[in-house]
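Q: I have a structure I would like to understand better, so I am pasting it below and will then ask my questions one at a time.
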Amino acid sequence: MTGTRTIAAIVVAAGRGERASAGGEPEPKQYRELLGEAVLSRTIKAFLADAHVTWVLPVIHADHAGRFAALGLDDPRLLPPVTGAATRQGSVLAGLQALGPKRPDLVLIQDAARPLTSPEVIDGVIGALASSEAALPVVPVTDTIKRSLDGRTVAATEDRNTLFAAQTPQGFRFPQILSAHLRATRMPREFTDDAAIAEWAGLTVALTPGSTRNIKITHPEDFARAERLLAGTSDVGQAMETRIGSGFDVHPFEPGSAVWLGGVEIAHTHKLKGHSDADVALHALTDAIYGALGEGDIGSFFPPSDPQWKGAASSIFLAHAAGLVAARGGRVVNLDITIVAEAPRIGPHVAAMKAAIAGICSTTPSRVAVKATTSEELGFVGRREGIVAMATASIELPRREN
């Protein structure tokens with residue numbers, strides 16, 4: 001449990017990504033697409049999907065402001081990106097210093113090139129920080145490791161039982177890692193990761209479970225492997241299962257001039273009443289995705305008692321639900337919404353709704369269905385007192401035994 005602790009996640013994306021370019025491909029690896037979505041977008045959404053995370057701060061290259069803006073990411077917890085440095089260590093320090101005014105209790109430092117980081121890995125790091133000064137997700141080394149002094153002959157065989165491969169996010173108590181990074185600037189060496197700086201500074205670093213799926217995209221062939229993992233045809237034999245959820249929502253009308261439905265604003269004689277923008281269609285769809293994930297409902301993630309969600313765009317809620325699917329290595333298969341209303345007319349706006357929903361969920365409009373009907377003037381809908389929406393979501397997730 002995090003209690004009232006504030007947690008910031010720094011996503012380091014300031015490199016040029018040249019090693020992952022193939023055949024002169026100019027696009028930096030963090031902006032190249034994996035199954036239709038940029039690597040950096042997937043990485044950021046993994047942290048936005050975690051309810052424990054208070055803020056997410058991207059650190060980007062000075063030349064990539066336009067590329068980052070083109071990702072179209074929109075979440076109140078996503079801070080404006082800051083410019084990184086020539087080295088990873090310098091970029092992390094830039095992010096830490098930018099977070100200074102917010103004074104988070106904990107900070108997670110994530111490589112942008114790890115777009116498949118799961119909620120379990122993130123929460124494992126956060127949980128370890130309750131009793132440790134730093135936390136590092138790792139996987140055991142399974143290959144036999146040889147040491148060579150000249151690169152030509154074997155000098156020794158390492159005990160692989162004592163060896164672990166480090167991953168990100170690496171977690172720290174914010175004041176300690178900021179102090180350690182500032183001290184490290186005076187050293188004549190570059191540290192390979194933030195846990196190494198913590199070790200050098202005398203902090204105790206706890207090991208937490210990493211994941212074989214939490215790969216770092218470094219070379220061109222890593223894109224193919226990541227896509228296989230996302231599609232469920234991975235080289236580690238990860239089978240996929242289909243999950244289905246349903247959602248239902250209703251909102252009454254109140255005086256106004258437009259309603260939000262399916263992510264589209266439609267002129268009308270009234271608006272829908274609710275704590276957020278009251279988009280009844282997106283609310284039903286969000287709950288359907290949460291249902292397929294085996295999670296709670298919108299209120300459990302975005303309680304109406306919290307003033308920060310007053311008037312909030314419902315696209316934030318849907319993006320959170322879709323982000324949970326992506327963070328678990330899954331994908332949206334199809335989404336189906338039925339809107340029950342006497343007015344306004346829905347038909348002219350269906351194409352725009354499909355496009356809006358597909359964009360929020362990082363899928364294609366062909367996987368989204370929006371249908372409309374009336375209640376034949378029966379009940380409160382027939383009396384034009386409100387609108388009802390029902391939704392079904394089908395998703396694929398990596399198969400688990402429990």
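In the structure tokens, the first chain shown is A, the next is B, and so on; residue numbers restart at 1 for each chain, and ligands run from 1 in the order shown.
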Do you know which residues are at most 10 Å from Ala62 of chain A counting only C-alpha atoms, after dropping those on the same chain fewer than 4 positions away, and could you put them as a ChimeraX atom specification?

A: /A:14-15,66,82-85

Q: Which segment 262-340 of chain A residues have any atom within 12 Å of an atom of segment 110-115 of chain A, and for each, what is the nearest pair of atoms with distance in Å to one decimal, counting only C-alpha atoms, rows sorted by chain and number, as a tab-separated table?

A:
residue	atom	partner	partner_atom	distance
A:Gly323	CA	A:Pro115	CA	11.5
A:Ala326	CA	A:Pro115	CA	9.1
A:Ala327	CA	A:Pro115	CA	8.1
A:Arg328	CA	A:Pro115	CA	10.6
A:Gly329	CA	A:Pro115	CA	9.3

Q: Which residue out of A:Gly330, A:Pro140, A:Gly359, A:Pro398 has the minimum interatomic distance to Leu71 of chain A when only C-alpha atoms are used?

A: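 When distances to Leu71 of chain A are compared using only C-alpha atoms, the smallest one comes from A:Gly359.
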
Q: List as a PyMOL selection string the protein and nucleic acid residues near Arg16 of chain A, meaning an atom at most 8 Å away when only C-alpha atoms are counted, but skip any in the same chain fewer than 2 places from it.

A: chain A and resi 14+18+28-29+61

Q: Please produce a file of those selected residues containing N, CA and C atoms, as a PDB file, in the first residue's frame.

A:
ATOM      1  N   ALA A  14      15.501  10.446 -24.180  1.00  0.00           N
ATOM      2  CA  ALA A  14      16.277  11.524 -24.787  1.00  0.00           C
ATOM      3  C   ALA A  14      17.309  11.052 -25.795  1.00  0.00           C
ATOM      4  N   GLU A  18      19.635   5.219 -32.406  1.00  0.00           N
ATOM      5  CA  GLU A  18      20.246   4.856 -33.688  1.00  0.00           C
ATOM      6  C   GLU A  18      20.495   3.363 -33.828  1.00  0.00           C
ATOM      7  N   PRO A  28      13.766   7.690 -34.603  1.00  0.00           N
ATOM      8  CA  PRO A  28      14.311   7.161 -33.347  1.00  0.00           C
ATOM      9  C   PRO A  28      13.438   6.021 -32.829  1.00  0.00           C
ATOM     10  N   LYS A  29      14.064   5.049 -32.169  1.00  0.00           N
ATOM     11  CA  LYS A  29      13.336   3.848 -31.782  1.00  0.00           C
ATOM     12  C   LYS A  29      12.152   4.138 -30.886  1.00  0.00           C
ATOM     13  N   HIS A  61      14.649  14.261 -26.238  1.00  0.00           N
ATOM     14  CA  HIS A  61      15.737  14.944 -26.937  1.00  0.00           C
ATOM     15  C   HIS A  61      15.271  16.337 -27.361  1.00  0.00           C
TER      16      HIS A  61
END

Q: Using only C-alpha atoms, which residue out of A:Ile244, A:Leu73, A:Ala198, A:Ala284 lies closest to Ser362 of chain A?

A: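 Result for the nearest residue to Ser362 of chain A: A:Leu73.
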
Q: Please extract the residues of segment 137-174 of chain A with a backbone DSSP assignment of strand (DSSP E or B) and present them as a list in words.

A: Pro137, Val138, Val139, Pro140, Lys146, Arg147, Ala156, Thr157, Phe164, Ala165, Ala166, Gln170, Gly171, Phe172 and Arg173 of chain A

Q: Selection from above, N, CA and C atoms, as a PDB file, in the first residue's frame, can you write it?

A:
ATOM      1  N   PRO A 137      14.089  -4.203 -10.328  1.00  0.00           N
ATOM      2  CA  PRO A 137      13.521  -5.449 -10.866  1.00  0.00           C
ATOM      3  C   PRO A 137      14.583  -6.217 -11.652  1.00  0.00           C
ATOM      4  N   VAL A 138      14.647  -7.515 -11.426  1.00  0.00           N
ATOM      5  CA  VAL A 138      15.666  -8.337 -12.077  1.00  0.00           C
ATOM      6  C   VAL A 138      15.068  -9.658 -12.532  1.00  0.00           C
ATOM      7  N   VAL A 139      15.757 -10.298 -13.460  1.00  0.00           N
ATOM      8  CA  VAL A 139      15.469 -11.690 -13.820  1.00  0.00           C
ATOM      9  C   VAL A 139      16.759 -12.475 -13.670  1.00  0.00           C
ATOM     10  N   PRO A 140      16.669 -13.723 -13.215  1.00  0.00           N
ATOM     11  CA  PRO A 140      17.882 -14.528 -13.056  1.00  0.00           C
ATOM     12  C   PRO A 140      18.575 -14.753 -14.397  1.00  0.00           C
ATOM     13  N   LYS A 146      30.793 -16.518 -19.027  1.00  0.00           N
ATOM     14  CA  LYS A 146      32.240 -16.662 -19.035  1.00  0.00           C
ATOM     15  C   LYS A 146      32.904 -15.289 -18.900  1.00  0.00           C
ATOM     16  N   ARG A 147      33.987 -15.250 -18.153  1.00  0.00           N
ATOM     17  CA  ARG A 147      34.795 -14.031 -18.048  1.00  0.00           C
ATOM     18  C   ARG A 147      36.050 -14.192 -18.898  1.00  0.00           C
ATOM     19  N   ALA A 156      37.570 -17.389 -16.623  1.00  0.00           N
ATOM     20  CA  ALA A 156      36.816 -17.940 -15.498  1.00  0.00           C
ATOM     21  C   ALA A 156      35.369 -18.127 -15.908  1.00  0.00           C
ATOM     22  N   THR A 157      34.682 -19.001 -15.180  1.00  0.00           N
ATOM     23  CA  THR A 157      33.247 -19.198 -15.346  1.00  0.00           C
ATOM     24  C   THR A 157      32.553 -18.645 -14.107  1.00  0.00           C
ATOM     25  N   PHE A 164      22.156 -11.606 -11.883  1.00  0.00           N
ATOM     26  CA  PHE A 164      20.811 -11.189 -12.259  1.00  0.00           C
ATOM     27  C   PHE A 164      20.903 -10.084 -13.309  1.00  0.00           C
ATOM     28  N   ALA A 165      19.962 -10.093 -14.251  1.00  0.00           N
ATOM     29  CA  ALA A 165      19.895  -9.054 -15.275  1.00  0.00           C
ATOM     30  C   ALA A 165      18.964  -7.942 -14.796  1.00  0.00           C
ATOM     31  N   ALA A 166      19.472  -6.717 -14.799  1.00  0.00           N
ATOM     32  CA  ALA A 166      18.704  -5.572 -14.291  1.00  0.00           C
ATOM     33  C   ALA A 166      17.715  -5.064 -15.327  1.00  0.00           C
ATOM     34  N   GLN A 170      13.415   1.389 -12.065  1.00  0.00           N
ATOM     35  CA  GLN A 170      14.164   1.305 -10.819  1.00  0.00           C
ATOM     36  C   GLN A 170      13.603   2.371  -9.884  1.00  0.00           C
ATOM     37  N   GLY A 171      13.350   1.980  -8.644  1.00  0.00           N
ATOM     38  CA  GLY A 171      12.647   2.860  -7.721  1.00  0.00           C
ATOM     39  C   GLY A 171      13.523   3.360  -6.593  1.00  0.00           C
ATOM     40  N   PHE A 172      13.251   4.604  -6.158  1.00  0.00           N
ATOM     41  CA  PHE A 172      14.072   5.237  -5.128  1.00  0.00           C
ATOM     42  C   PHE A 172      13.222   6.202  -4.299  1.00  0.00           C
ATOM     43  N   ARG A 173      13.736   6.513  -3.131  1.00  0.00           N
ATOM     44  CA  ARG A 173      13.188   7.626  -2.372  1.00  0.00           C
ATOM     45  C   ARG A 173      13.770   8.893  -2.977  1.00  0.00           C
TER      46      ARG A 173
END

Q: Report as a list in words all protein, DNA and RNA residues lying within 10 Å of segment 304-307 of chain A, evaluated on only C-alpha atoms, omitting residues in the same chain fewer than 6 positions from it.

A: Gly274, His275, Ser276 and Ile298 of chain A

Q: Take the residues from that selection and put them in a file with N, CA and C atoms, as a PDB file, in the first residue's frame.

A:
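Result went into out08.pdb, see below:
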ATOM      1  N   GLY A 274     -23.492  14.980 -14.652  1.00  0.00           N
ATOM      2  CA  GLY A 274     -22.548  14.047 -14.045  1.00  0.00           C
ATOM      3  C   GLY A 274     -21.360  14.791 -13.483  1.00  0.00           C
ATOM      4  N   HIS A 275     -20.526  14.082 -12.698  1.00  0.00           N
ATOM      5  CA  HIS A 275     -19.365  14.721 -12.081  1.00  0.00           C
ATOM      6  C   HIS A 275     -18.321  15.079 -13.137  1.00  0.00           C
ATOM      7  N   SER A 276     -18.154  14.208 -14.146  1.00  0.00           N
ATOM      8  CA  SER A 276     -17.231  14.487 -15.241  1.00  0.00           C
ATOM      9  C   SER A 276     -18.025  15.138 -16.369  1.00  0.00           C
ATOM     10  N   ILE A 298     -15.397   2.526 -12.883  1.00  0.00           N
ATOM     11  CA  ILE A 298     -14.780   3.844 -12.986  1.00  0.00           C
ATOM     12  C   ILE A 298     -14.607   4.478 -11.612  1.00  0.00           C
TER      13      ILE A 298
END

Q: Which of these residues is nearest to Ala313 of chain A, using only C-alpha atoms: A:Gly263, A:Pro80, A:Gly294, A:Gly299?

A: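 Closest to Ala313 of chain A of all the choices is A:Gly263.
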
Q: When you draw a straight line from atom CA of Leu261 of chain A to atom CA of Phe47 of chain A, how long is it in Å?

A: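 That distance, rounded to one decimal, is 27.1 Å.
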
Q: When you look at Ala341 of chain A with a cut-off of 9 Å (counting only C-alpha atoms), what residues show up, excluding the ones that are within fewer than 4 positions of it in the same chain? I need them as a ChimeraX atom specification.

A: /A:345-346,372-375,381-382,384,386-389

Q: Which residues come within 12 Å of Ala180 of chain A, counting only C-alpha atoms, excluding same-chain residues fewer than 6 positions away, as a list of chain:residue names?

A: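 Contacts, with the query itself left out: A:Gln89, A:Val92, A:Leu93, A:Leu96, A:Ala134, A:Phe172, A:Arg173, A:Phe174, A:Arg186, A:Met187, A:Phe191, A:Asp194, A:Ala195, A:Ala196, A:Ile197, A:Ala198, A:Glu199, A:Trp200, A:Ala201, A:Gly202, A:Leu203.
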
Q: Using only C-alpha atoms, find each residue of segment 117-164 of chain A with at least one atom at most 12 Å away from an atom of segment 53-58 of chain A; report its shortest atom-to-atom pair and that distance in Å (one decimal), sort the rows by chain and rising residue number, and return the result as a Markdown table.

A:
| residue | atom | partner | partner_atom | distance |
| --- | --- | --- | --- | --- |
| A:Pro119 | CA | A:Val53 | CA | 11.1 |
| A:Ile122 | CA | A:Val53 | CA | 9.6 |
| A:Asp123 | CA | A:Val53 | CA | 9.7 |
| A:Val125 | CA | A:Val53 | CA | 11.9 |
| A:Ile126 | CA | A:Val53 | CA | 9.4 |

Q: Using only C-alpha atoms, which residues sit within 9 Å of His270 of chain A once same-chain residues fewer than 3 positions away are excluded, as a count of residues only?

A: 8
